[in-house]
Structure formats: C-alpha cells, structure tokens
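**Q** Just one file: data-v6.cif, with mmCIF, C-alpha atoms.
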```cif
data_model
loop_
_atom_site.label_atom_id
_atom_site.label_comp_id
_atom_site.auth_asym_id
_atom_site.auth_seq_id
_atom_site.Cartn_x
_atom_site.Cartn_y
_atom_site.Cartn_z
CA MET A 1 143.71 67.62 116.92
CA LEU A 2 145.21 69.86 114.25
CA THR A 3 142.18 69.72 111.95
CA ALA A 4 139.32 69.11 114.40
CA TYR A 5 137.93 72.64 114.35
CA ILE A 6 138.50 73.76 110.77
CA ASN A 7 134.89 72.92 109.90
CA TRP A 8 131.93 70.94 111.26
CA ASP A 9 133.17 67.54 110.11
CA LEU A 10 133.37 66.11 113.64
CA LEU A 11 129.56 66.08 113.82
CA ALA A 12 129.28 63.82 110.77
CA VAL A 13 132.22 61.70 111.93
CA ALA A 14 130.61 61.06 115.32
CA LEU A 15 127.20 60.22 113.82
CA LEU A 16 128.69 57.87 111.22
CA SER A 17 130.88 56.11 113.78
CA GLY A 18 127.87 55.55 116.02
CA GLY A 19 125.85 54.30 113.08
CA LEU A 20 128.51 51.77 112.12
CA VAL A 21 128.67 50.49 115.69
CA LEU A 22 124.90 49.96 115.73
CA LEU A 23 124.93 48.30 112.31
CA GLY A 24 127.65 45.97 113.57
CA ARG A 25 125.30 44.97 116.40
CA ALA A 26 122.49 44.20 113.93
CA ARG A 27 120.50 47.29 114.94
CA TYR A 28 119.82 48.20 111.35
CA ARG A 29 117.09 50.82 111.63
CA SER A 30 118.72 52.85 114.39
CA GLY A 31 122.15 52.44 112.81
CA GLY A 32 120.78 53.53 109.47
CA ALA A 33 119.11 56.52 111.14
CA LEU A 34 122.46 57.71 112.53
CA VAL A 35 124.04 57.29 109.11
CA GLY A 36 121.17 59.32 107.61
CA LEU A 37 121.80 62.12 110.10
CA ALA A 38 125.50 61.92 109.25
CA VAL A 39 124.64 62.39 105.57
CA ALA A 40 122.60 65.45 106.54
CA ALA A 41 125.64 66.84 108.37
CA LYS A 42 128.22 66.00 105.68
CA PHE A 43 127.40 64.20 102.45
CA TYR A 44 130.21 61.62 102.40
CA PRO A 45 128.56 59.07 104.79
CA PHE A 46 126.20 58.06 101.97
CA LEU A 47 129.16 56.01 100.70
CA VAL A 48 128.45 53.48 103.48
CA PHE A 49 125.61 51.91 101.55
CA GLY A 50 127.84 50.83 98.67
CA PRO A 51 129.84 48.42 100.87
CA LEU A 52 126.62 47.15 102.46
CA LEU A 53 125.28 46.37 98.99
CA VAL A 54 128.52 44.51 98.25
CA LEU A 55 127.91 42.35 101.32
CA VAL A 56 124.42 41.58 100.01
CA LEU A 57 125.93 40.57 96.67
CA ARG A 58 128.39 38.35 98.52
CA ARG A 59 125.52 36.48 100.13
CA TRP A 60 123.69 36.20 96.79
CA THR A 61 126.76 34.55 95.25
CA GLY A 62 126.58 31.82 97.90
CA ARG A 63 129.70 32.84 99.80
CA ASP A 64 129.83 32.81 103.57
CA GLY A 65 129.21 35.99 105.47
CA GLY A 66 127.60 38.98 103.87
CA MET A 67 124.35 40.73 104.66
CA ALA A 68 120.71 39.82 104.16
CA PRO A 69 118.82 42.05 101.68
CA GLN A 70 116.10 42.82 104.23
CA ASP A 71 118.73 44.09 106.66
CA LEU A 72 120.06 46.47 104.03
CA LEU A 73 116.52 47.70 103.37
CA ARG A 74 115.99 48.32 107.09
CA ALA A 75 119.20 50.36 107.24
CA LEU A 76 118.24 52.31 104.12
CA GLY A 77 114.77 52.96 105.49
CA GLY A 78 116.14 54.30 108.78
CA ALA A 79 118.65 56.49 106.93
CA ALA A 80 116.02 57.87 104.53
CA ALA A 81 113.60 58.69 107.35
CA ALA A 82 116.22 60.49 109.46
CA TRP A 83 117.67 62.37 106.48
CA ALA A 84 114.20 63.45 105.32
CA ALA A 85 113.21 64.63 108.80
CA VAL A 86 116.17 67.02 108.79
CA ASN A 87 116.14 68.05 105.12
CA LEU A 88 112.49 68.27 104.06
CA PRO A 89 111.60 71.28 106.24
CA VAL A 90 114.53 73.23 104.78
CA LEU A 91 113.80 72.03 101.25
CA ILE A 92 110.18 73.17 101.52
CA ALA A 93 111.01 76.50 103.16
CA ALA A 94 114.01 77.44 100.98
CA PRO A 95 114.47 75.09 98.01
CA GLU A 96 117.04 77.28 96.26
CA GLY A 97 119.15 77.61 99.38
CA TRP A 98 118.85 73.90 100.10
CA ALA A 99 120.12 73.07 96.60
CA THR A 100 123.11 75.41 96.83
CA PHE A 101 125.41 72.68 98.16
CA PHE A 102 124.72 70.41 95.20
CA THR A 103 125.06 73.23 92.66
CA PHE A 104 128.31 74.44 94.21
CA SER A 105 129.74 70.92 94.37
CA ARG A 106 129.06 70.40 90.68
CA GLU A 107 130.42 73.75 89.52
CA ARG A 108 133.49 74.21 91.73
CA GLY A 109 136.89 73.43 90.27
CA ALA A 110 139.77 71.29 91.52
CA ASP A 111 140.91 72.61 94.88
CA TRP A 112 144.14 72.50 96.87
CA GLY A 113 144.80 69.06 98.23
CA SER A 114 143.48 67.18 95.23
CA LEU A 115 145.69 65.17 92.92
CA TYR A 116 144.29 67.20 90.01
CA TYR A 117 145.75 70.40 91.47
CA VAL A 118 149.19 68.78 91.63
CA LEU A 119 148.92 67.33 88.13
CA ASP A 120 147.86 70.72 86.79
CA GLY A 121 150.90 72.29 88.42
CA TYR A 122 153.11 69.95 86.40
CA GLY A 123 151.14 70.60 83.21
CA LEU A 124 149.62 67.10 83.14
CA PHE A 125 145.97 68.01 83.69
CA ASP A 126 143.72 70.99 82.88
CA THR A 127 141.82 71.91 86.03
CA GLY A 128 140.22 74.83 84.18
CA ASP A 129 137.99 72.34 82.35
CA HIS A 130 135.35 71.63 85.01
CA ASP A 131 133.64 68.96 82.92
CA LEU A 132 136.95 67.13 82.56
CA VAL A 133 137.56 67.33 86.31
CA ASN A 134 134.08 66.02 87.13
CA THR A 135 134.36 63.22 84.57
CA ALA A 136 137.83 62.17 85.74
CA GLY A 137 136.67 62.09 89.35
CA THR A 138 133.55 60.08 88.56
CA VAL A 139 135.28 57.53 86.34
CA SER A 140 138.26 57.01 88.66
CA LEU A 141 136.00 56.62 91.70
CA ALA A 142 133.79 54.14 89.85
CA ALA A 143 136.85 52.08 88.87
CA ALA A 144 138.14 52.08 92.45
CA CYS A 145 134.71 51.08 93.81
CA ALA A 146 134.50 48.23 91.30
CA LEU A 147 137.84 46.90 92.55
CA ILE A 148 136.72 47.21 96.19
CA ALA A 149 133.46 45.44 95.34
CA ALA A 150 135.41 42.57 93.79
CA ILE A 151 137.46 42.30 96.98
CA GLY A 152 134.29 42.25 99.07
CA VAL A 153 132.54 39.62 96.99
CA PHE A 154 135.41 37.25 96.16
CA ALA A 155 137.57 37.42 99.31
CA ARG A 156 138.06 33.94 100.76
CA ARG A 157 136.75 35.03 104.13
CA PRO A 158 134.11 37.71 104.79
CA PRO A 159 135.66 41.18 105.03
CA ARG A 160 134.46 43.33 107.88
CA PRO A 161 132.01 46.02 106.69
CA GLU A 162 134.17 48.74 108.22
CA GLN A 163 137.07 47.65 106.05
CA LEU A 164 135.07 48.14 102.87
CA VAL A 165 133.75 51.49 104.12
CA PHE A 166 137.30 52.65 104.87
CA LEU A 167 138.49 51.66 101.40
CA VAL A 168 135.57 53.39 99.69
CA VAL A 169 135.94 56.65 101.64
CA ALA A 170 139.70 56.63 101.00
CA ALA A 171 139.04 56.09 97.28
CA PHE A 172 136.58 58.99 97.34
CA LEU A 173 139.22 61.31 98.79
CA LEU A 174 141.97 60.15 96.45
CA THR A 175 139.79 60.73 93.38
CA ASN A 176 137.84 63.79 94.56
CA LYS A 177 138.48 67.31 93.31
CA VAL A 178 138.42 68.64 96.89
CA TRP A 179 140.55 67.25 99.72
CA SER A 180 140.52 69.68 102.63
CA PRO A 181 142.90 69.10 105.58
CA GLN A 182 140.06 68.22 107.97
CA PHE A 183 138.89 65.36 105.74
CA VAL A 184 141.46 63.21 107.54
CA LEU A 185 138.89 63.15 110.37
CA TRP A 186 136.62 61.07 108.13
CA LEU A 187 139.20 58.30 107.95
CA VAL A 188 140.70 58.11 111.45
CA PRO A 189 137.82 56.23 113.17
CA LEU A 190 137.30 54.11 110.06
CA ALA A 191 140.98 53.16 110.06
CA VAL A 192 140.67 52.01 113.67
CA LEU A 193 137.51 50.01 112.94
CA ALA A 194 139.10 48.52 109.81
CA TRP A 195 142.39 47.65 111.52
CA PRO A 196 143.97 44.53 109.94
CA ARG A 197 143.82 41.54 112.29
CA THR A 198 145.76 38.92 110.37
CA MET A 199 149.01 40.78 109.65
CA GLY A 200 150.54 41.14 113.08
CA THR A 201 151.19 44.42 114.83
CA TRP A 202 153.93 46.17 112.92
CA PRO A 203 152.89 46.35 109.25
CA PRO A 204 149.56 48.14 109.85
CA LEU A 205 151.01 50.23 112.69
CA LEU A 206 153.88 51.41 110.48
CA ALA A 207 151.46 52.22 107.67
CA PHE A 208 149.22 54.14 110.06
CA VAL A 209 152.10 56.13 111.57
CA LEU A 210 153.47 57.05 108.14
CA TRP A 211 150.02 58.17 107.03
CA GLN A 212 149.53 60.36 110.12
CA ALA A 213 153.03 61.82 109.73
CA ALA A 214 152.26 62.69 106.11
CA GLU A 215 148.94 64.27 107.10
CA THR A 216 150.66 66.33 109.78
CA ALA A 217 153.32 67.52 107.34
CA TYR A 218 150.61 68.38 104.83
CA PHE A 219 148.68 70.37 107.45
CA PHE A 220 151.60 72.75 107.91
CA GLY A 221 152.52 72.67 104.23
CA ILE A 222 149.12 73.75 102.90
CA TRP A 223 149.03 76.92 105.01
CA GLN A 224 152.56 77.78 103.94
CA HIS A 225 151.60 77.20 100.32
CA LEU A 226 148.51 79.39 100.64
CA MET A 227 150.74 82.08 102.16
CA HIS A 228 153.07 81.77 99.17
CA MET A 229 150.16 82.02 96.73
CA THR A 230 148.74 85.06 98.53
CA TRP A 231 152.03 86.90 98.39
CA ALA A 232 152.45 85.89 94.74
CA ALA A 233 149.05 87.37 93.92
CA GLU A 234 150.14 90.59 95.59
CA GLY A 235 153.39 90.63 93.61
CA ALA A 236 155.52 90.45 96.74
CA VAL A 237 156.59 86.83 96.77
CA GLY A 238 160.18 85.84 97.38
CA PRO A 239 161.94 82.47 97.64
CA GLU A 240 161.74 82.55 101.45
CA GLN A 241 158.04 83.44 101.67
CA GLY A 242 155.80 80.45 102.19
CA LEU A 243 156.07 77.13 100.40
CA ALA A 244 156.28 77.14 96.62
CA PHE A 245 154.49 74.58 94.46
CA ALA A 246 157.44 72.17 94.19
CA GLY A 247 157.67 71.63 97.94
CA TYR A 248 153.91 71.59 98.38
CA SER A 249 153.44 68.97 95.67
CA VAL A 250 155.87 66.64 97.46
CA LEU A 251 153.82 66.88 100.67
CA SER A 252 150.55 66.40 98.80
CA LEU A 253 151.78 63.34 96.91
CA ALA A 254 153.27 61.90 100.12
CA ARG A 255 149.86 62.19 101.76
CA SER A 256 148.25 60.30 98.88
CA ALA A 257 150.96 57.64 98.80
CA SER A 258 150.80 57.04 102.56
CA LEU A 259 147.02 56.63 102.45
CA LEU A 260 147.39 54.18 99.58
CA GLY A 261 149.85 52.21 101.72
CA LEU A 262 147.33 51.91 104.53
CA CYS A 263 144.64 50.94 102.01
CA ALA A 264 146.94 48.20 100.73
CA CYS A 265 147.26 46.81 104.27
CA VAL A 266 143.49 46.76 104.75
CA ALA A 267 142.89 45.20 101.32
CA ALA A 268 145.56 42.54 101.98
CA ASP A 269 143.91 41.71 105.29
CA CYS A 270 140.57 41.26 103.48
CA LEU A 271 142.14 38.86 100.98
CA ARG A 272 144.17 36.77 103.39
CA SER A 273 142.88 33.34 104.27
CA GLY A 274 142.52 32.43 107.90
CA LYS A 275 140.09 32.67 110.74
CA THR A 276 136.88 34.41 109.82
CA VAL A 277 136.30 37.71 111.60
CA ALA A 278 132.67 38.34 112.54
CA GLY A 279 130.97 41.14 110.64
CA LEU A 280 127.43 41.98 109.73
CA ARG A 281 125.27 38.89 109.47
#
```
In structure tokens, how does this file's structure come out?

**A**
Amino acid sequence: MLTAYINWDLLAVALLSGGLVLLGRARYRSGGALVGLAVAAKFYPFLVFGPLLVLVLRRWTGRDGGMAPQDLLRALGGAAAAWAAVNLPVLIAAPEGWATFFTFSRERGADWGSLYYVLDGYGLFDTGDHDLVNTAGTVSLAAACALIAAIGVFARRPPRPEQLVFLVVAAFLLTNKVWSPQFVLWLVPLAVLAWPRTMGTWPPLLAFVLWQAAETAYFFGIWQHLMHMTWAAEGAVGPEQGLAFAGYSVLSLARSASLLGLCACVAADCLRSGKTVAGLR
C-alpha cells in the first residue's frame, strides 16, 4: 500500500502474476503472452524464462519433475509475439525514443537503495566508476543465478517454478544498481506463490513479517534520507534534519538481510526431502 502508486509497477506485477498462474495450469502460449506483456510494461519479468530453462535442464538430467522443452518454446513464442505486438510499432515510429530505456539503464550510476550506494558511503566501493558498477552487478547476478540453477536441477524433489522465479527476482534486486522502494511489489505476489510448504507455519511467516517490517522502515527512511541530502546540498543541513547516511545505511542493510532470510527459507524448502509438490509438468 505504501509503494503501490510510486510508479507503474503494478501493471507489470499483475500481468506477470497472471502469466505464472496460466503457466502453472499448462497454458503455455497464453501464459507466455501475459509474461511478454509484463516485460513490455517493466523489463524484470524476462527473468522468468531462466527458471523455466532450469526446469528443462532438470528433465534432461533424468530427474523427476521439470518442464518439457516444447512447453518452454510455446511459452517463449507467446511472450515474443505479445512483446513484439506492443514494441514494434513504437520501435518503427521512434527508434531512438524506444531505445532510451536501454541506454539510460546502461549509463545510469548506482542509485539509492542499492548495496553499492551503501558500500560507497563506507568507502568500500566506487560508484563513480559506471563500468565497475555494471560489471559487479552482472557478475554477482550470474553467480547467484548459477546457485539457484543448481538448486533447481539437483533438488531431491522438483521445486515449484514460482520458487525459482522468486529467488531469481530477489537476486536481481540484491545485485542491481537500482532498488527503488516500489520494487517490493515485484516480490510480494511471488513470495506468496513461492511460500514454503514443508517447514511449518512459523519459520516462513516470521521471515515474511521481518522482511515486510524492514521494507516499511526503509520506505520512511529513504524519504528522510533524501530530505537530509537535499538540505545538505543547500548548505542548511543540521543533525535533526532528515536521516543521515549512518541511519539510512542500517535500514538499507536490514532490508537486504531480511530478504536474504526469506530467500533462505524458500531455498531450504526446495532442498528438503518429502512429498513432491506439483509444479509445471
């Protein structure tokens, strides 16, 4: 509720959630089409296809569960068709304007909310070096995705696709150079869909509540920090005006740590032996 109207993220969240529901019901083309529209609304839903590929690899290794290659191709085809229907007219009419998002994403520096901003504040990372920021983000995300892929392929029982998607999107946020407050909307429906089912009620519930508490504290902290930075730029900052970096960094790191805790619960649920939970077949 606090972050719902900061930007247009709810559109992508709704489309992606619907797409995952359809994919879970083996409606691959229509599910893929909704995911493609979600990518057109906000780029992050393209991460869905990594976990689906992992499920294909799981089947290729002879393990139970997983996803048939032709089903992945159907989902990809539906996503590509829907994405192209929305993007091609704009690309043809205004190619430079269409490409602005990609150019800006490559050239922008580490923003508030990212771990790189906090590390730079402590003198541990140079956010002024954009190439270093981009490389660090790419390498750390690739390493996290490799670990998630190993979980998906070698888990003793088939992980639910939504669990892998949640872990990948969380890894993307933790390693990304931009982590706006409303990005929590990306994860809330995925966290519900990925809810651990073999750990009882309290461990995942406690992890979820701590994560939401940290996100709420961060929501108020970031605006106070921006107020502090604005007054500092105007030369009128005092100790009582806004939230200085030390306090803000605590809130930012708490948000990261709480999300990691929830990720640990989901990953542990994937790795636990027990009754197989139905996923994509």

**Q** Pick from A:Ala155, A:Val139, A:Val118, A:Ala149: nearest to Trp179 of chain A, with all atoms listed in the file counted?

**A**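 Of A:Ala155, A:Val139, A:Val118, A:Ala149, the one nearest Trp179 of chain A is A:Val118, counting all atoms listed in the file.
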
**Q** Show me, as a PDB file with C-alpha atoms, in the coordinates of the input, the residues that have an atom within 10 Å of segment 77-86 of chain A when counting all atoms listed in the file, minus same-chain residues fewer than 2 positions from it.

**A**
```
ATOM      1  CA  GLY A  19     125.850  54.300 113.080  1.00  0.00           C
ATOM      2  CA  TYR A  28     119.820  48.200 111.350  1.00  0.00           C
ATOM      3  CA  ARG A  29     117.090  50.820 111.630  1.00  0.00           C
ATOM      4  CA  SER A  30     118.720  52.850 114.390  1.00  0.00           C
ATOM      5  CA  GLY A  31     122.150  52.440 112.810  1.00  0.00           C
ATOM      6  CA  GLY A  32     120.780  53.530 109.470  1.00  0.00           C
ATOM      7  CA  ALA A  33     119.110  56.520 111.140  1.00  0.00           C
ATOM      8  CA  LEU A  34     122.460  57.710 112.530  1.00  0.00           C
ATOM      9  CA  VAL A  35     124.040  57.290 109.110  1.00  0.00           C
ATOM     10  CA  GLY A  36     121.170  59.320 107.610  1.00  0.00           C
ATOM     11  CA  LEU A  37     121.800  62.120 110.100  1.00  0.00           C
ATOM     12  CA  ALA A  38     125.500  61.920 109.250  1.00  0.00           C
ATOM     13  CA  VAL A  39     124.640  62.390 105.570  1.00  0.00           C
ATOM     14  CA  ALA A  40     122.600  65.450 106.540  1.00  0.00           C
ATOM     15  CA  ALA A  41     125.640  66.840 108.370  1.00  0.00           C
ATOM     16  CA  PHE A  46     126.200  58.060 101.970  1.00  0.00           C
ATOM     17  CA  PHE A  49     125.610  51.910 101.550  1.00  0.00           C
ATOM     18  CA  ASP A  71     118.730  44.090 106.660  1.00  0.00           C
ATOM     19  CA  LEU A  72     120.060  46.470 104.030  1.00  0.00           C
ATOM     20  CA  LEU A  73     116.520  47.700 103.370  1.00  0.00           C
ATOM     21  CA  ARG A  74     115.990  48.320 107.090  1.00  0.00           C
ATOM     22  CA  ALA A  75     119.200  50.360 107.240  1.00  0.00           C
ATOM     23  CA  LEU A  88     112.490  68.270 104.060  1.00  0.00           C
ATOM     24  CA  PRO A  89     111.600  71.280 106.240  1.00  0.00           C
ATOM     25  CA  VAL A  90     114.530  73.230 104.780  1.00  0.00           C
ATOM     26  CA  LEU A  91     113.800  72.030 101.250  1.00  0.00           C
TER      27      LEU A  91
END
```

**Q** Could you tell me which residues the PyMOL selection byres ((chain A and resi 225) around 10) returns for this structure, as a ChimeraX atom specification?

**A** /A:112,218,220-224,226-231,241-249

**Q** Go ahead and save the picked residues with C-alpha atoms, as a compact mmCIF listing (two decimals), in the coordinates of the input.

**A**
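Once everything was written out, this is again_39.txt:
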```txt
# COMPACT_ATOMS: atom_id res chain seq x y z
CA TRP A 112 144.14 72.50 96.87
CA TYR A 218 150.61 68.38 104.83
CA PHE A 220 151.60 72.75 107.91
CA GLY A 221 152.52 72.67 104.23
CA ILE A 222 149.12 73.75 102.90
CA TRP A 223 149.03 76.92 105.01
CA GLN A 224 152.56 77.78 103.94
CA LEU A 226 148.51 79.39 100.64
CA MET A 227 150.74 82.08 102.16
CA HIS A 228 153.07 81.77 99.17
CA MET A 229 150.16 82.02 96.73
CA THR A 230 148.74 85.06 98.53
CA TRP A 231 152.03 86.90 98.39
CA GLN A 241 158.04 83.44 101.67
CA GLY A 242 155.80 80.45 102.19
CA LEU A 243 156.07 77.13 100.40
CA ALA A 244 156.28 77.14 96.62
CA PHE A 245 154.49 74.58 94.46
CA ALA A 246 157.44 72.17 94.19
CA GLY A 247 157.67 71.63 97.94
CA TYR A 248 153.91 71.59 98.38
CA SER A 249 153.44 68.97 95.67
```

**Q** So that I can see what lies close to segment 115-117 of chain A, please list as a tab-separated table (two decimals) with C-alpha atoms, in the frame of the given file the residues with an atom at most 8 Å from it, counting all atoms listed in the file and leaving out residues fewer than 2 positions away in the same chain.

**A**
```
chain	number	residue	atom	x	y	z
A	110	ALA	CA	139.77	71.29	91.52
A	111	ASP	CA	140.91	72.61	94.88
A	112	TRP	CA	144.14	72.50	96.87
A	113	GLY	CA	144.80	69.06	98.23
A	119	LEU	CA	148.92	67.33	88.13
A	120	ASP	CA	147.86	70.72	86.79
A	121	GLY	CA	150.90	72.29	88.42
A	125	PHE	CA	145.97	68.01	83.69
A	127	THR	CA	141.82	71.91	86.03
A	133	VAL	CA	137.56	67.33	86.31
A	174	LEU	CA	141.97	60.15	96.45
A	175	THR	CA	139.79	60.73	93.38
A	177	LYS	CA	138.48	67.31	93.31
A	252	SER	CA	150.55	66.40	98.80
A	253	LEU	CA	151.78	63.34	96.91
```

**Q** Please enumerate the residues selected by the PyMOL selection byres ((chain A and resi 214) around 8) when evaluated against the supplied file, formatted as a PyMOL selection string.

**A** chain A and resi 210-213+215-218+251+254-255+258

**Q** Export, as an mmCIF file, in the coordinates of the input, the selected residues with C-alpha atoms.

**A**
```cif
data_model
loop_
_atom_site.group_PDB
_atom_site.id
_atom_site.type_symbol
_atom_site.label_atom_id
_atom_site.label_comp_id
_atom_site.auth_asym_id
_atom_site.auth_seq_id
_atom_site.Cartn_x
_atom_site.Cartn_y
_atom_site.Cartn_z
ATOM 1 C CA LEU A 210 153.470 57.050 108.140
ATOM 2 C CA TRP A 211 150.020 58.170 107.030
ATOM 3 C CA GLN A 212 149.530 60.360 110.120
ATOM 4 C CA ALA A 213 153.030 61.820 109.730
ATOM 5 C CA GLU A 215 148.940 64.270 107.100
ATOM 6 C CA THR A 216 150.660 66.330 109.780
ATOM 7 C CA ALA A 217 153.320 67.520 107.340
ATOM 8 C CA TYR A 218 150.610 68.380 104.830
ATOM 9 C CA LEU A 251 153.820 66.880 100.670
ATOM 10 C CA ALA A 254 153.270 61.900 100.120
ATOM 11 C CA ARG A 255 149.860 62.190 101.760
ATOM 12 C CA SER A 258 150.800 57.040 102.560
#
```

**Q** Which distance in Å separates atom CA of Ala4 of chain A and atom CA of Tyr44 of chain A, to one decimal?

**A**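 Atom-to-atom, atom CA of Ala4 of chain A to atom CA of Tyr44 of chain A, that is 16.8 Å.
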
**Q** Tell me, in Å to one decimal, how far atom CA of Cys145 of chain A is from atom CA of Val168 of chain A.

**A**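 Taking atom CA of Cys145 of chain A and atom CA of Val168 of chain A, their separation equals 6.4 Å.
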
**Q** I need the residue nearest Val266 of chain A from this list: A:Thr138, A:Ser105, A:Gln163, A:Gln182. Use all atoms listed in the file for the distance.

**A** A:Gln163

**Q** Grab the atom CA of Ser140 of chain A to atom CA of Cys263 of chain A distance for me, in Å with one decimal place.

**A**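 Taking atom CA of Ser140 of chain A as the start and atom CA of Cys263 of chain A as the end point, the length is 16.0 Å.
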
**Q** Name the closest residue to Leu11 of chain A among the candidates A:Cys265, A:Ala257, A:Leu23, A:Phe43; distances are taken between atoms, counting all atoms listed in the file.

**A**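 With all atoms listed in the file as the atom set, the closest residue is A:Phe43.
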
**Q** For segment 32-50 of chain A, what centre and edge lengths in Å (one decimal) does the axis-aligned box get once 3 Å is added on each side of all its listed atoms, as lines of an AutoDock Vina configuration file?

**A**
```
center_x = 124.7
center_y = 58.8
center_z = 105.6
size_x = 17.1
size_y = 22.0
size_z = 19.9
```

**Q** Counting all atoms listed in the file, figure out which residue out of A:Met199, A:Leu185, A:Ala194, A:Ala207 gets nearest to Ile6 of chain A.

**A** A:Leu185

**Q** I'd like the neighbourhood of Pro161 of chain A as a VMD selection string, where a residue qualifies if any of its atoms comes within 9 Å (using all atoms listed in the file), though same-chain residues fewer than 5 positions away should be ignored.

**A** chain A and resid 20 24 48 51 to 52 55 66 152 166 194 279 to 280

**Q** Compile the contact shell of Ser273 of chain A as number ranges by chain: residues with an atom at most 10 Å away, counting all atoms listed in the file, same-chain residues fewer than 4 positions apart removed.

**A** A: 155-158, 198, 268-269

**Q** Tell me which of A:Asp9, A:Ile92, A:Gly97, A:Phe154 sits closest to Thr61 of chain A, counting all atoms listed in the file.

**A** A:Phe154

**Q** Counting only C-alpha atoms, find residues at most 10 Å from (138.2, 51.0, 114.6) (file frame) and give them as a PyMOL selection string.

**A** chain A and resi 17+21+162-163+166+187-196

**Q** Taking C-alpha atoms for each residue, export the selection above as a compact mmCIF listing (two decimals), keeping the file's coordinate frame.

**A**
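The result, written out as again39.txt:
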```txt
# COMPACT_ATOMS: atom_id res chain seq x y z
CA SER A 17 130.88 56.11 113.78
CA VAL A 21 128.67 50.49 115.69
CA GLU A 162 134.17 48.74 108.22
CA GLN A 163 137.07 47.65 106.05
CA PHE A 166 137.30 52.65 104.87
CA LEU A 187 139.20 58.30 107.95
CA VAL A 188 140.70 58.11 111.45
CA PRO A 189 137.82 56.23 113.17
CA LEU A 190 137.30 54.11 110.06
CA ALA A 191 140.98 53.16 110.06
CA VAL A 192 140.67 52.01 113.67
CA LEU A 193 137.51 50.01 112.94
CA ALA A 194 139.10 48.52 109.81
CA TRP A 195 142.39 47.65 111.52
CA PRO A 196 143.97 44.53 109.94
```

**Q** Ranking A:Ala142, A:Trp186, A:Ala233, A:Pro204 by minimum distance to Ala14 of chain A and counting all atoms listed in the file, which one comes first?

**A**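 Result for the nearest residue to Ala14 of chain A: A:Trp186.
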